[in-house]
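Everything below belongs to start31.cif, which stores mmCIF, N, CA and C atoms.
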```
data_entry
#
loop_
_atom_site.label_atom_id
_atom_site.label_comp_id
_atom_site.auth_asym_id
_atom_site.auth_seq_id
_atom_site.Cartn_x
_atom_site.Cartn_y
_atom_site.Cartn_z
N MET A 1 42.26 -33.73 -31.09
CA MET A 1 43.57 -33.14 -31.06
C MET A 1 43.64 -31.96 -32.04
N LEU A 2 43.12 -32.14 -33.24
CA LEU A 2 43.14 -31.06 -34.22
C LEU A 2 42.37 -29.85 -33.70
N SER A 3 41.21 -30.08 -33.11
CA SER A 3 40.42 -28.95 -32.61
C SER A 3 41.16 -28.23 -31.49
N THR A 4 41.92 -28.95 -30.68
CA THR A 4 42.72 -28.32 -29.63
C THR A 4 43.78 -27.42 -30.24
N ARG A 5 44.47 -27.89 -31.28
CA ARG A 5 45.50 -27.08 -31.94
C ARG A 5 44.89 -25.84 -32.59
N ILE A 6 43.73 -26.02 -33.23
CA ILE A 6 43.06 -24.87 -33.85
C ILE A 6 42.69 -23.84 -32.78
N GLU A 7 42.18 -24.31 -31.65
CA GLU A 7 41.84 -23.39 -30.56
C GLU A 7 43.08 -22.66 -30.05
N GLU A 8 44.19 -23.38 -29.91
CA GLU A 8 45.43 -22.76 -29.44
C GLU A 8 45.95 -21.71 -30.44
N LEU A 9 45.96 -22.06 -31.70
CA LEU A 9 46.43 -21.12 -32.72
C LEU A 9 45.49 -19.93 -32.85
N SER A 10 44.20 -20.16 -32.72
CA SER A 10 43.23 -19.06 -32.75
C SER A 10 43.41 -18.17 -31.53
N GLY A 11 43.60 -18.78 -30.38
CA GLY A 11 43.82 -18.03 -29.14
C GLY A 11 45.08 -17.18 -29.18
N ALA A 12 46.07 -17.67 -29.90
CA ALA A 12 47.33 -16.92 -30.06
C ALA A 12 47.23 -15.90 -31.19
N ARG A 13 46.07 -15.83 -31.82
CA ARG A 13 45.79 -14.91 -32.93
C ARG A 13 46.66 -15.17 -34.15
N LEU A 14 46.98 -16.44 -34.38
CA LEU A 14 47.76 -16.83 -35.55
C LEU A 14 46.86 -17.41 -36.64
N LEU A 15 45.67 -17.83 -36.27
CA LEU A 15 44.73 -18.49 -37.16
C LEU A 15 43.35 -17.91 -36.92
N ALA A 16 42.57 -17.75 -38.00
CA ALA A 16 41.21 -17.20 -37.87
C ALA A 16 40.27 -17.93 -38.81
N LEU A 17 39.04 -18.09 -38.36
CA LEU A 17 38.00 -18.68 -39.20
C LEU A 17 37.67 -17.69 -40.30
N ASP A 18 37.62 -18.21 -41.55
CA ASP A 18 37.38 -17.33 -42.69
C ASP A 18 36.47 -18.07 -43.67
N GLY A 19 35.20 -17.76 -43.64
CA GLY A 19 34.26 -18.41 -44.53
C GLY A 19 34.12 -19.89 -44.21
N ASP A 20 34.54 -20.73 -45.15
CA ASP A 20 34.40 -22.18 -44.99
C ASP A 20 35.59 -22.84 -44.31
N GLY A 21 36.61 -22.09 -43.95
CA GLY A 21 37.80 -22.70 -43.35
C GLY A 21 38.58 -21.71 -42.52
N TYR A 22 39.82 -22.04 -42.29
CA TYR A 22 40.70 -21.21 -41.49
C TYR A 22 41.79 -20.63 -42.38
N ARG A 23 42.32 -19.50 -41.94
CA ARG A 23 43.43 -18.86 -42.64
C ARG A 23 44.38 -18.30 -41.61
N LEU A 24 45.63 -18.09 -42.03
CA LEU A 24 46.58 -17.43 -41.16
C LEU A 24 46.20 -15.96 -41.04
N THR A 25 46.32 -15.43 -39.85
CA THR A 25 46.14 -14.00 -39.67
C THR A 25 47.42 -13.30 -40.12
N GLN A 26 47.44 -11.99 -40.07
CA GLN A 26 48.67 -11.27 -40.42
C GLN A 26 49.80 -11.67 -39.47
N LEU A 27 49.46 -11.85 -38.18
CA LEU A 27 50.48 -12.30 -37.22
C LEU A 27 51.00 -13.69 -37.60
N GLY A 28 50.12 -14.57 -38.04
CA GLY A 28 50.53 -15.91 -38.48
C GLY A 28 51.42 -15.84 -39.70
N GLN A 29 51.06 -14.99 -40.64
CA GLN A 29 51.89 -14.83 -41.84
C GLN A 29 53.25 -14.25 -41.49
N ASP A 30 53.27 -13.29 -40.56
CA ASP A 30 54.53 -12.71 -40.12
C ASP A 30 55.42 -13.76 -39.44
N LEU A 31 54.80 -14.66 -38.68
CA LEU A 31 55.56 -15.73 -38.02
C LEU A 31 56.18 -16.66 -39.05
N VAL A 32 55.41 -17.05 -40.06
CA VAL A 32 55.94 -17.91 -41.12
C VAL A 32 57.13 -17.24 -41.79
N GLU A 33 57.00 -15.95 -42.07
CA GLU A 33 58.09 -15.21 -42.71
C GLU A 33 59.32 -15.13 -41.79
N ALA A 34 59.08 -14.90 -40.51
CA ALA A 34 60.18 -14.79 -39.56
C ALA A 34 60.92 -16.12 -39.39
N LEU A 35 60.20 -17.23 -39.48
CA LEU A 35 60.81 -18.55 -39.31
C LEU A 35 61.43 -19.10 -40.59
N SER A 36 61.19 -18.45 -41.71
CA SER A 36 61.70 -18.93 -42.98
C SER A 36 63.22 -19.12 -43.00
N PRO A 37 64.01 -18.18 -42.48
CA PRO A 37 65.46 -18.40 -42.47
C PRO A 37 65.87 -19.61 -41.63
N LEU A 38 65.19 -19.84 -40.53
CA LEU A 38 65.48 -21.01 -39.69
C LEU A 38 65.13 -22.29 -40.43
N ASP A 39 64.03 -22.29 -41.16
CA ASP A 39 63.64 -23.45 -41.97
C ASP A 39 64.71 -23.74 -43.02
N ALA A 40 65.18 -22.70 -43.70
CA ALA A 40 66.21 -22.89 -44.72
C ALA A 40 67.49 -23.43 -44.10
N TRP A 41 67.88 -22.88 -42.95
CA TRP A 41 69.08 -23.35 -42.28
C TRP A 41 68.94 -24.82 -41.87
N SER A 42 67.80 -25.18 -41.30
CA SER A 42 67.62 -26.56 -40.82
C SER A 42 67.64 -27.56 -41.97
N ARG A 43 67.13 -27.17 -43.12
CA ARG A 43 67.18 -28.05 -44.29
C ARG A 43 68.62 -28.23 -44.77
N ARG A 44 69.36 -27.12 -44.79
CA ARG A 44 70.77 -27.20 -45.20
C ARG A 44 71.56 -28.05 -44.20
N TRP A 45 71.30 -27.85 -42.92
CA TRP A 45 71.98 -28.62 -41.88
C TRP A 45 71.68 -30.12 -42.05
N ALA A 46 70.43 -30.46 -42.29
CA ALA A 46 70.05 -31.86 -42.47
C ALA A 46 70.74 -32.47 -43.68
N GLU A 47 70.85 -31.72 -44.76
CA GLU A 47 71.52 -32.23 -45.96
C GLU A 47 73.01 -32.44 -45.70
N GLU A 48 73.64 -31.51 -44.99
CA GLU A 48 75.07 -31.59 -44.75
C GLU A 48 75.46 -32.64 -43.72
N THR A 49 74.58 -32.91 -42.77
CA THR A 49 74.92 -33.87 -41.73
C THR A 49 74.48 -35.28 -42.08
N GLY A 50 73.60 -35.42 -43.05
CA GLY A 50 73.15 -36.75 -43.46
C GLY A 50 72.20 -37.37 -42.44
N PRO A 51 71.87 -38.62 -42.66
CA PRO A 51 70.94 -39.31 -41.74
C PRO A 51 71.55 -39.49 -40.36
N ALA A 52 70.71 -39.45 -39.35
CA ALA A 52 71.17 -39.65 -37.98
C ALA A 52 71.63 -41.08 -37.79
N THR A 53 72.61 -41.26 -36.94
CA THR A 53 73.07 -42.61 -36.63
C THR A 53 72.09 -43.28 -35.69
N ALA A 54 72.13 -44.60 -35.62
CA ALA A 54 71.21 -45.34 -34.78
C ALA A 54 71.41 -45.00 -33.31
N GLY A 55 72.62 -44.62 -32.93
CA GLY A 55 72.90 -44.30 -31.53
C GLY A 55 72.64 -42.86 -31.16
N GLY A 56 72.16 -42.06 -32.08
CA GLY A 56 71.89 -40.66 -31.78
C GLY A 56 72.88 -39.76 -32.48
N LEU A 57 73.26 -38.70 -31.78
CA LEU A 57 74.17 -37.72 -32.35
C LEU A 57 75.58 -38.29 -32.49
N GLU A 58 76.27 -37.82 -33.51
CA GLU A 58 77.65 -38.29 -33.71
C GLU A 58 78.59 -37.51 -32.84
#
```

Represent the structure from my file as structure tokens, please.
Amino acid sequence: MLSTRIEELSGARLLALDGDGYRLTQLGQDLVEALSPLDAWSRRWAEETGPATAGGLE
């Protein structure tokens, strides 16, 4: 499964083999930066809404 994900990310040019391991390409780094505001929002949303109820959404 991991090798499949690595192949997919490499194929999308988000990850590249670099010496002894893998690294994010510039496109991968740009994606992380672009998603950063969404990550911050989702964390704030999770804190404000609290744990999910057993029945799903409130």

Report, in Å with one decimal, the straight-line distance from CA of Gln26 (chain A) to CA of Arg5 (chain A). 18.2 Å

Could you tell me how far CA of Leu38 (chain A) lies from CA of Ala16 (chain A), in Å and to one decimal?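 Separating CA of Leu38 (chain A) from CA of Ala16 (chain A) is a distance of 24.6 Å.
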
Between atom N of Leu9 (chain A) and atom N of Ser36 (chain A), what distance in Å does the model show, to one decimal?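 Interatomic distance, atom N of Leu9 (chain A) to atom N of Ser36 (chain A): 18.6 Å.
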
Could you list, as number ranges by chain, every residue within 12 Å of Ile6 (chain A), counting only C-alpha atoms and ignoring same-chain residues fewer than 5 positions away? A: 1, 11-17, 21-24

Mind the document's chain letters and residue numbers, and return as an NGL selection string the residues of region 16-55 of chain A that DSSP labels strand (DSSP E or B). :A and (16-18 or 21-24 or 53)

As a PDB file with N, CA and C atoms, in the coordinates of the input, which residues of chain A does DSSP assign to helix (DSSP H, G or I)?
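part-v9.pdb, written as the output of this step:
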```pdb
ATOM      1  N   LEU A   2      43.120 -32.140 -33.240  1.00  0.00           N
ATOM      2  CA  LEU A   2      43.140 -31.060 -34.220  1.00  0.00           C
ATOM      3  C   LEU A   2      42.370 -29.850 -33.700  1.00  0.00           C
ATOM      4  N   SER A   3      41.210 -30.080 -33.110  1.00  0.00           N
ATOM      5  CA  SER A   3      40.420 -28.950 -32.610  1.00  0.00           C
ATOM      6  C   SER A   3      41.160 -28.230 -31.490  1.00  0.00           C
ATOM      7  N   THR A   4      41.920 -28.950 -30.680  1.00  0.00           N
ATOM      8  CA  THR A   4      42.720 -28.320 -29.630  1.00  0.00           C
ATOM      9  C   THR A   4      43.780 -27.420 -30.240  1.00  0.00           C
ATOM     10  N   ARG A   5      44.470 -27.890 -31.280  1.00  0.00           N
ATOM     11  CA  ARG A   5      45.500 -27.080 -31.940  1.00  0.00           C
ATOM     12  C   ARG A   5      44.890 -25.840 -32.590  1.00  0.00           C
ATOM     13  N   ILE A   6      43.730 -26.020 -33.230  1.00  0.00           N
ATOM     14  CA  ILE A   6      43.060 -24.870 -33.850  1.00  0.00           C
ATOM     15  C   ILE A   6      42.690 -23.840 -32.780  1.00  0.00           C
ATOM     16  N   GLU A   7      42.180 -24.310 -31.650  1.00  0.00           N
ATOM     17  CA  GLU A   7      41.840 -23.390 -30.560  1.00  0.00           C
ATOM     18  C   GLU A   7      43.080 -22.660 -30.050  1.00  0.00           C
ATOM     19  N   GLU A   8      44.190 -23.380 -29.910  1.00  0.00           N
ATOM     20  CA  GLU A   8      45.430 -22.760 -29.440  1.00  0.00           C
ATOM     21  C   GLU A   8      45.950 -21.710 -30.440  1.00  0.00           C
ATOM     22  N   LEU A   9      45.960 -22.060 -31.700  1.00  0.00           N
ATOM     23  CA  LEU A   9      46.430 -21.120 -32.720  1.00  0.00           C
ATOM     24  C   LEU A   9      45.490 -19.930 -32.850  1.00  0.00           C
ATOM     25  N   SER A  10      44.200 -20.160 -32.720  1.00  0.00           N
ATOM     26  CA  SER A  10      43.230 -19.060 -32.750  1.00  0.00           C
ATOM     27  C   SER A  10      43.410 -18.170 -31.530  1.00  0.00           C
ATOM     28  N   GLY A  11      43.600 -18.780 -30.380  1.00  0.00           N
ATOM     29  CA  GLY A  11      43.820 -18.030 -29.140  1.00  0.00           C
ATOM     30  C   GLY A  11      45.080 -17.180 -29.180  1.00  0.00           C
ATOM     31  N   GLN A  26      47.440 -11.990 -40.070  1.00  0.00           N
ATOM     32  CA  GLN A  26      48.670 -11.270 -40.420  1.00  0.00           C
ATOM     33  C   GLN A  26      49.800 -11.670 -39.470  1.00  0.00           C
ATOM     34  N   LEU A  27      49.460 -11.850 -38.180  1.00  0.00           N
ATOM     35  CA  LEU A  27      50.480 -12.300 -37.220  1.00  0.00           C
ATOM     36  C   LEU A  27      51.000 -13.690 -37.600  1.00  0.00           C
ATOM     37  N   GLY A  28      50.120 -14.570 -38.040  1.00  0.00           N
ATOM     38  CA  GLY A  28      50.530 -15.910 -38.480  1.00  0.00           C
ATOM     39  C   GLY A  28      51.420 -15.840 -39.700  1.00  0.00           C
ATOM     40  N   GLN A  29      51.060 -14.990 -40.640  1.00  0.00           N
ATOM     41  CA  GLN A  29      51.890 -14.830 -41.840  1.00  0.00           C
ATOM     42  C   GLN A  29      53.250 -14.250 -41.490  1.00  0.00           C
ATOM     43  N   ASP A  30      53.270 -13.290 -40.560  1.00  0.00           N
ATOM     44  CA  ASP A  30      54.530 -12.710 -40.120  1.00  0.00           C
ATOM     45  C   ASP A  30      55.420 -13.760 -39.440  1.00  0.00           C
ATOM     46  N   LEU A  31      54.800 -14.660 -38.680  1.00  0.00           N
ATOM     47  CA  LEU A  31      55.560 -15.730 -38.020  1.00  0.00           C
ATOM     48  C   LEU A  31      56.180 -16.660 -39.050  1.00  0.00           C
ATOM     49  N   VAL A  32      55.410 -17.050 -40.060  1.00  0.00           N
ATOM     50  CA  VAL A  32      55.940 -17.910 -41.120  1.00  0.00           C
ATOM     51  C   VAL A  32      57.130 -17.240 -41.790  1.00  0.00           C
ATOM     52  N   GLU A  33      57.000 -15.950 -42.070  1.00  0.00           N
ATOM     53  CA  GLU A  33      58.090 -15.210 -42.710  1.00  0.00           C
ATOM     54  C   GLU A  33      59.320 -15.130 -41.790  1.00  0.00           C
ATOM     55  N   ALA A  34      59.080 -14.900 -40.510  1.00  0.00           N
ATOM     56  CA  ALA A  34      60.180 -14.790 -39.560  1.00  0.00           C
ATOM     57  C   ALA A  34      60.920 -16.120 -39.390  1.00  0.00           C
ATOM     58  N   LEU A  35      60.200 -17.230 -39.480  1.00  0.00           N
ATOM     59  CA  LEU A  35      60.810 -18.550 -39.310  1.00  0.00           C
ATOM     60  C   LEU A  35      61.430 -19.100 -40.590  1.00  0.00           C
ATOM     61  N   SER A  36      61.190 -18.450 -41.710  1.00  0.00           N
ATOM     62  CA  SER A  36      61.700 -18.930 -42.980  1.00  0.00           C
ATOM     63  C   SER A  36      63.220 -19.120 -43.000  1.00  0.00           C
ATOM     64  N   PRO A  37      64.010 -18.180 -42.480  1.00  0.00           N
ATOM     65  CA  PRO A  37      65.460 -18.400 -42.470  1.00  0.00           C
ATOM     66  C   PRO A  37      65.870 -19.610 -41.630  1.00  0.00           C
ATOM     67  N   LEU A  38      65.190 -19.840 -40.530  1.00  0.00           N
ATOM     68  CA  LEU A  38      65.480 -21.010 -39.690  1.00  0.00           C
ATOM     69  C   LEU A  38      65.130 -22.290 -40.430  1.00  0.00           C
ATOM     70  N   ASP A  39      64.030 -22.290 -41.160  1.00  0.00           N
ATOM     71  CA  ASP A  39      63.640 -23.450 -41.970  1.00  0.00           C
ATOM     72  C   ASP A  39      64.710 -23.740 -43.020  1.00  0.00           C
ATOM     73  N   ALA A  40      65.180 -22.700 -43.700  1.00  0.00           N
ATOM     74  CA  ALA A  40      66.210 -22.890 -44.720  1.00  0.00           C
ATOM     75  C   ALA A  40      67.490 -23.430 -44.100  1.00  0.00           C
ATOM     76  N   TRP A  41      67.880 -22.880 -42.950  1.00  0.00           N
ATOM     77  CA  TRP A  41      69.080 -23.350 -42.280  1.00  0.00           C
ATOM     78  C   TRP A  41      68.940 -24.820 -41.870  1.00  0.00           C
ATOM     79  N   SER A  42      67.800 -25.180 -41.300  1.00  0.00           N
ATOM     80  CA  SER A  42      67.620 -26.560 -40.820  1.00  0.00           C
ATOM     81  C   SER A  42      67.640 -27.560 -41.970  1.00  0.00           C
ATOM     82  N   ARG A  43      67.130 -27.170 -43.120  1.00  0.00           N
ATOM     83  CA  ARG A  43      67.180 -28.050 -44.290  1.00  0.00           C
ATOM     84  C   ARG A  43      68.620 -28.230 -44.770  1.00  0.00           C
ATOM     85  N   ARG A  44      69.360 -27.120 -44.790  1.00  0.00           N
ATOM     86  CA  ARG A  44      70.770 -27.200 -45.200  1.00  0.00           C
ATOM     87  C   ARG A  44      71.560 -28.050 -44.200  1.00  0.00           C
ATOM     88  N   TRP A  45      71.300 -27.850 -42.920  1.00  0.00           N
ATOM     89  CA  TRP A  45      71.980 -28.620 -41.880  1.00  0.00           C
ATOM     90  C   TRP A  45      71.680 -30.120 -42.050  1.00  0.00           C
ATOM     91  N   ALA A  46      70.430 -30.460 -42.290  1.00  0.00           N
ATOM     92  CA  ALA A  46      70.050 -31.860 -42.470  1.00  0.00           C
ATOM     93  C   ALA A  46      70.740 -32.470 -43.680  1.00  0.00           C
ATOM     94  N   GLU A  47      70.850 -31.720 -44.760  1.00  0.00           N
ATOM     95  CA  GLU A  47      71.520 -32.230 -45.960  1.00  0.00           C
ATOM     96  C   GLU A  47      73.010 -32.440 -45.700  1.00  0.00           C
ATOM     97  N   GLU A  48      73.640 -31.510 -44.990  1.00  0.00           N
ATOM     98  CA  GLU A  48      75.070 -31.590 -44.750  1.00  0.00           C
ATOM     99  C   GLU A  48      75.460 -32.640 -43.720  1.00  0.00           C
ATOM    100  N   THR A  49      74.580 -32.910 -42.770  1.00  0.00           N
ATOM    101  CA  THR A  49      74.920 -33.870 -41.730  1.00  0.00           C
ATOM    102  C   THR A  49      74.480 -35.280 -42.080  1.00  0.00           C
TER     103      THR A  49
END
```

Region 6-17 of chain A from the block above: all heavy atoms written as a PDB file, in the first residue's frame:
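Okay, this is what ended up in part-v1.pdb:
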```pdb
ATOM      1  N   ILE A   6       3.382   6.020  -2.794  1.00  0.00           N
ATOM      2  CA  ILE A   6       4.611   6.676  -3.251  1.00  0.00           C
ATOM      3  C   ILE A   6       4.607   6.804  -4.771  1.00  0.00           C
ATOM      4  O   ILE A   6       4.950   7.847  -5.311  1.00  0.00           O
ATOM      5  CB  ILE A   6       5.862   5.929  -2.745  1.00  0.00           C
ATOM      6  CG1 ILE A   6       5.989   6.130  -1.233  1.00  0.00           C
ATOM      7  CG2 ILE A   6       7.118   6.394  -3.472  1.00  0.00           C
ATOM      8  CD1 ILE A   6       7.068   5.308  -0.588  1.00  0.00           C
ATOM      9  N   GLU A   7       4.191   5.745  -5.456  1.00  0.00           N
ATOM     10  CA  GLU A   7       4.117   5.793  -6.916  1.00  0.00           C
ATOM     11  C   GLU A   7       3.123   6.853  -7.376  1.00  0.00           C
ATOM     12  O   GLU A   7       3.395   7.600  -8.327  1.00  0.00           O
ATOM     13  CB  GLU A   7       3.706   4.429  -7.477  1.00  0.00           C
ATOM     14  CG  GLU A   7       4.789   3.385  -7.410  1.00  0.00           C
ATOM     15  CD  GLU A   7       4.316   2.033  -7.925  1.00  0.00           C
ATOM     16  OE1 GLU A   7       3.357   1.990  -8.735  1.00  0.00           O
ATOM     17  OE2 GLU A   7       4.898   1.017  -7.522  1.00  0.00           O
ATOM     18  N   GLU A   8       1.975   6.940  -6.710  1.00  0.00           N
ATOM     19  CA  GLU A   8       0.964   7.934  -7.077  1.00  0.00           C
ATOM     20  C   GLU A   8       1.477   9.361  -6.849  1.00  0.00           C
ATOM     21  O   GLU A   8       1.305  10.231  -7.711  1.00  0.00           O
ATOM     22  CB  GLU A   8      -0.322   7.718  -6.277  1.00  0.00           C
ATOM     23  CG  GLU A   8      -1.053   6.456  -6.646  1.00  0.00           C
ATOM     24  CD  GLU A   8      -2.208   6.139  -5.717  1.00  0.00           C
ATOM     25  OE1 GLU A   8      -2.350   6.773  -4.655  1.00  0.00           O
ATOM     26  OE2 GLU A   8      -2.997   5.234  -6.068  1.00  0.00           O
ATOM     27  N   LEU A   9       2.086   9.592  -5.712  1.00  0.00           N
ATOM     28  CA  LEU A   9       2.614  10.925  -5.414  1.00  0.00           C
ATOM     29  C   LEU A   9       3.774  11.281  -6.328  1.00  0.00           C
ATOM     30  O   LEU A   9       3.909  12.431  -6.753  1.00  0.00           O
ATOM     31  CB  LEU A   9       3.030  11.008  -3.940  1.00  0.00           C
ATOM     32  CG  LEU A   9       1.881  10.947  -2.931  1.00  0.00           C
ATOM     33  CD1 LEU A   9       2.422  10.775  -1.522  1.00  0.00           C
ATOM     34  CD2 LEU A   9       0.998  12.176  -3.036  1.00  0.00           C
ATOM     35  N   SER A  10       4.599  10.303  -6.656  1.00  0.00           N
ATOM     36  CA  SER A  10       5.698  10.540  -7.599  1.00  0.00           C
ATOM     37  C   SER A  10       5.149  10.820  -8.990  1.00  0.00           C
ATOM     38  O   SER A  10       5.631  11.722  -9.683  1.00  0.00           O
ATOM     39  CB  SER A  10       6.639   9.338  -7.633  1.00  0.00           C
ATOM     40  OG  SER A  10       7.260   9.155  -6.383  1.00  0.00           O
ATOM     41  N   GLY A  11       4.146  10.062  -9.394  1.00  0.00           N
ATOM     42  CA  GLY A  11       3.518  10.266 -10.698  1.00  0.00           C
ATOM     43  C   GLY A  11       2.859  11.628 -10.824  1.00  0.00           C
ATOM     44  O   GLY A  11       2.818  12.216 -11.910  1.00  0.00           O
ATOM     45  N   ALA A  12       2.363  12.131  -9.705  1.00  0.00           N
ATOM     46  CA  ALA A  12       1.741  13.464  -9.688  1.00  0.00           C
ATOM     47  C   ALA A  12       2.785  14.561  -9.529  1.00  0.00           C
ATOM     48  O   ALA A  12       2.442  15.734  -9.440  1.00  0.00           O
ATOM     49  CB  ALA A  12       0.722  13.541  -8.555  1.00  0.00           C
ATOM     50  N   ARG A  13       4.050  14.165  -9.453  1.00  0.00           N
ATOM     51  CA  ARG A  13       5.193  15.083  -9.301  1.00  0.00           C
ATOM     52  C   ARG A  13       5.144  15.867  -7.992  1.00  0.00           C
ATOM     53  O   ARG A  13       5.558  17.007  -7.916  1.00  0.00           O
ATOM     54  CB  ARG A  13       5.302  16.011 -10.508  1.00  0.00           C
ATOM     55  CG  ARG A  13       5.558  15.252 -11.785  1.00  0.00           C
ATOM     56  CD  ARG A  13       5.805  16.087 -12.979  1.00  0.00           C
ATOM     57  NE  ARG A  13       5.396  17.481 -12.844  1.00  0.00           N
ATOM     58  CZ  ARG A  13       5.356  18.342 -13.835  1.00  0.00           C
ATOM     59  NH1 ARG A  13       5.691  17.953 -15.036  1.00  0.00           N
ATOM     60  NH2 ARG A  13       4.993  19.587 -13.642  1.00  0.00           N
ATOM     61  N   LEU A  14       4.631  15.226  -6.945  1.00  0.00           N
ATOM     62  CA  LEU A  14       4.589  15.842  -5.624  1.00  0.00           C
ATOM     63  C   LEU A  14       5.707  15.307  -4.730  1.00  0.00           C
ATOM     64  O   LEU A  14       6.061  15.936  -3.741  1.00  0.00           O
ATOM     65  CB  LEU A  14       3.239  15.590  -4.957  1.00  0.00           C
ATOM     66  CG  LEU A  14       2.027  16.148  -5.698  1.00  0.00           C
ATOM     67  CD1 LEU A  14       0.745  15.730  -5.015  1.00  0.00           C
ATOM     68  CD2 LEU A  14       2.121  17.659  -5.835  1.00  0.00           C
ATOM     69  N   LEU A  15       6.265  14.164  -5.090  1.00  0.00           N
ATOM     70  CA  LEU A  15       7.278  13.481  -4.305  1.00  0.00           C
ATOM     71  C   LEU A  15       8.367  12.999  -5.245  1.00  0.00           C
ATOM     72  O   LEU A  15       8.085  12.594  -6.370  1.00  0.00           O
ATOM     73  CB  LEU A  15       6.625  12.281  -3.607  1.00  0.00           C
ATOM     74  CG  LEU A  15       7.348  11.599  -2.473  1.00  0.00           C
ATOM     75  CD1 LEU A  15       7.469  12.563  -1.285  1.00  0.00           C
ATOM     76  CD2 LEU A  15       6.581  10.366  -2.045  1.00  0.00           C
ATOM     77  N   ALA A  16       9.628  13.059  -4.783  1.00  0.00           N
ATOM     78  CA  ALA A  16      10.747  12.604  -5.616  1.00  0.00           C
ATOM     79  C   ALA A  16      11.766  11.884  -4.753  1.00  0.00           C
ATOM     80  O   ALA A  16      11.954  12.225  -3.586  1.00  0.00           O
ATOM     81  CB  ALA A  16      11.406  13.786  -6.314  1.00  0.00           C
ATOM     82  N   LEU A  17      12.391  10.874  -5.337  1.00  0.00           N
ATOM     83  CA  LEU A  17      13.465  10.159  -4.668  1.00  0.00           C
ATOM     84  C   LEU A  17      14.664  11.090  -4.573  1.00  0.00           C
ATOM     85  O   LEU A  17      15.051  11.731  -5.550  1.00  0.00           O
ATOM     86  CB  LEU A  17      13.818   8.895  -5.453  1.00  0.00           C
ATOM     87  CG  LEU A  17      14.819   7.951  -4.825  1.00  0.00           C
ATOM     88  CD1 LEU A  17      14.331   7.482  -3.454  1.00  0.00           C
ATOM     89  CD2 LEU A  17      15.055   6.750  -5.729  1.00  0.00           C
TER      90      LEU A  17
END
```
